[in-house]
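First up is the structure itself, then whatever we jot down about it.
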Amino acid sequence: MSNMSICGCCGRTTDKVFPFCPWCGNSKVASDSKNDREVLAQNLADKKHAEQFEHMEEIGRQIDELERELSVLVLSAEMAK
């Protein structure tokens, strides 16, 4: 594992010889200092939070669409009576 480093952007492990992450293309964090690890951990936490927020927004949009479809179905059922 000593020849591996962690990308500061996507968090994936890559070979230290690559100056850029082959997964996301960003420059890698190759330092092992405690401060750099803390920054990396915060960046990954921020990215996870943003992804969760986007997922929640998508769920909200899907719920809104389902509510509209349900309203149409209820209206159609009432008109068929």
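We name chains A, B, ... following the order of the structure tokens; residues begin at 1 in each chain, and ligands are numbered from 1 as shown.
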
Backbone DSSP call of strand (DSSP E) for chain A, listed as a PyMOL selection string: chain A and resi 4-6+13-15

Keeping only C-alpha atoms, take the residues you just selected and write them out as a short mmCIF file (atom, residue, chain, number, x, y, z; two decimals), in the first residue's frame.
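Output file selection_12.cif follows:
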```cif
data_model
loop_
_atom_site.label_atom_id
_atom_site.label_comp_id
_atom_site.auth_asym_id
_atom_site.auth_seq_id
_atom_site.Cartn_x
_atom_site.Cartn_y
_atom_site.Cartn_z
CA MET A 4 -0.54 3.98 -3.39
CA SER A 5 -2.02 7.43 -2.78
CA ILE A 6 -5.52 8.79 -2.31
CA THR A 13 -6.68 4.98 -4.36
CA THR A 14 -4.23 5.14 -7.24
CA ASP A 15 -0.59 4.42 -7.90
#
```

Just want the 10 Å neighbourhood of Gly25 (chain A), counted on only C-alpha atoms, with same-chain residues fewer than 4 positions away dropped. Output as a count of residues only. 6

One decimal place gives the CA of Cys24 (chain A)-CA of Gly11 (chain A) separation as 9.7 Å

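Pairwise distance (CA of Pro22 (chain A), CA of Asn3 (chain A)) equals 15.3 Å.
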
Per DSSP on the backbone, filter chain A down to the residues in alpha helix (DSSP H) and report them as JSON, numbers by chain. {"A": [34, 35, 36, 37, 38, 39, 40, 41, 42, 43, 44, 45, 46, 47, 48, 49, 50, 51, 52, 53, 54, 55, 56, 57, 58, 59, 60, 61, 62, 63, 64, 65, 66, 67, 68, 69, 70, 71, 72, 73, 74, 75, 76, 77, 78, 79, 80]}

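Residues surrounding region 40-50 of chain A within 8 Å are Gly8, Cys9, Cys10, Gly11, Val29, Asp36, Arg37, Glu38, Gln52, Phe53 and Glu54 of chain A [only C-alpha atoms; sequence separation below 2 positions excluded].
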
Please produce a file of those selected residues containing N, CA, C and O atoms, as a PDB file, in the first residue's frame.
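Below is the file again_2.pdb, written as the result:
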```pdb
ATOM      1  N   GLY A   8      -7.478  13.478  -3.745  1.00  0.00           N
ATOM      2  CA  GLY A   8      -8.136  14.465  -2.888  1.00  0.00           C
ATOM      3  C   GLY A   8      -9.514  14.864  -3.367  1.00  0.00           C
ATOM      4  O   GLY A   8     -10.265  15.491  -2.647  1.00  0.00           O
ATOM      5  N   CYS A   9      -9.857  14.495  -4.593  1.00  0.00           N
ATOM      6  CA  CYS A   9     -11.157  14.861  -5.149  1.00  0.00           C
ATOM      7  C   CYS A   9     -12.169  13.732  -5.022  1.00  0.00           C
ATOM      8  O   CYS A   9     -13.230  13.903  -4.442  1.00  0.00           O
ATOM      9  N   CYS A  10     -11.831  12.553  -5.564  1.00  0.00           N
ATOM     10  CA  CYS A  10     -12.804  11.457  -5.578  1.00  0.00           C
ATOM     11  C   CYS A  10     -12.567  10.439  -4.473  1.00  0.00           C
ATOM     12  O   CYS A  10     -13.424   9.612  -4.205  1.00  0.00           O
ATOM     13  N   GLY A  11     -11.391  10.462  -3.837  1.00  0.00           N
ATOM     14  CA  GLY A  11     -11.125   9.578  -2.709  1.00  0.00           C
ATOM     15  C   GLY A  11     -10.675   8.184  -3.088  1.00  0.00           C
ATOM     16  O   GLY A  11     -10.448   7.357  -2.218  1.00  0.00           O
ATOM     17  N   VAL A  29      -3.588  14.312  -4.113  1.00  0.00           N
ATOM     18  CA  VAL A  29      -2.948  14.686  -2.863  1.00  0.00           C
ATOM     19  C   VAL A  29      -2.021  13.540  -2.510  1.00  0.00           C
ATOM     20  O   VAL A  29      -2.466  12.438  -2.227  1.00  0.00           O
ATOM     21  N   ASP A  36      -3.039  17.486   5.615  1.00  0.00           N
ATOM     22  CA  ASP A  36      -3.548  17.078   4.305  1.00  0.00           C
ATOM     23  C   ASP A  36      -4.603  15.983   4.434  1.00  0.00           C
ATOM     24  O   ASP A  36      -5.579  15.974   3.701  1.00  0.00           O
ATOM     25  N   ARG A  37      -4.410  15.072   5.373  1.00  0.00           N
ATOM     26  CA  ARG A  37      -5.415  14.016   5.590  1.00  0.00           C
ATOM     27  C   ARG A  37      -6.715  14.610   6.101  1.00  0.00           C
ATOM     28  O   ARG A  37      -7.800  14.176   5.716  1.00  0.00           O
ATOM     29  N   GLU A  38      -6.610  15.626   6.957  1.00  0.00           N
ATOM     30  CA  GLU A  38      -7.820  16.283   7.471  1.00  0.00           C
ATOM     31  C   GLU A  38      -8.559  17.013   6.353  1.00  0.00           C
ATOM     32  O   GLU A  38      -9.782  16.953   6.271  1.00  0.00           O
ATOM     33  N   GLN A  52     -25.670  13.481  -1.295  1.00  0.00           N
ATOM     34  CA  GLN A  52     -26.899  13.155  -0.570  1.00  0.00           C
ATOM     35  C   GLN A  52     -27.959  14.225  -0.801  1.00  0.00           C
ATOM     36  O   GLN A  52     -29.137  13.912  -0.975  1.00  0.00           O
ATOM     37  N   PHE A  53     -27.551  15.496  -0.822  1.00  0.00           N
ATOM     38  CA  PHE A  53     -28.482  16.589  -1.050  1.00  0.00           C
ATOM     39  C   PHE A  53     -29.097  16.480  -2.452  1.00  0.00           C
ATOM     40  O   PHE A  53     -30.313  16.638  -2.614  1.00  0.00           O
ATOM     41  N   GLU A  54     -28.259  16.192  -3.462  1.00  0.00           N
ATOM     42  CA  GLU A  54     -28.762  16.016  -4.825  1.00  0.00           C
ATOM     43  C   GLU A  54     -29.735  14.845  -4.899  1.00  0.00           C
ATOM     44  O   GLU A  54     -30.761  14.922  -5.583  1.00  0.00           O
TER      45      GLU A  54
END
```
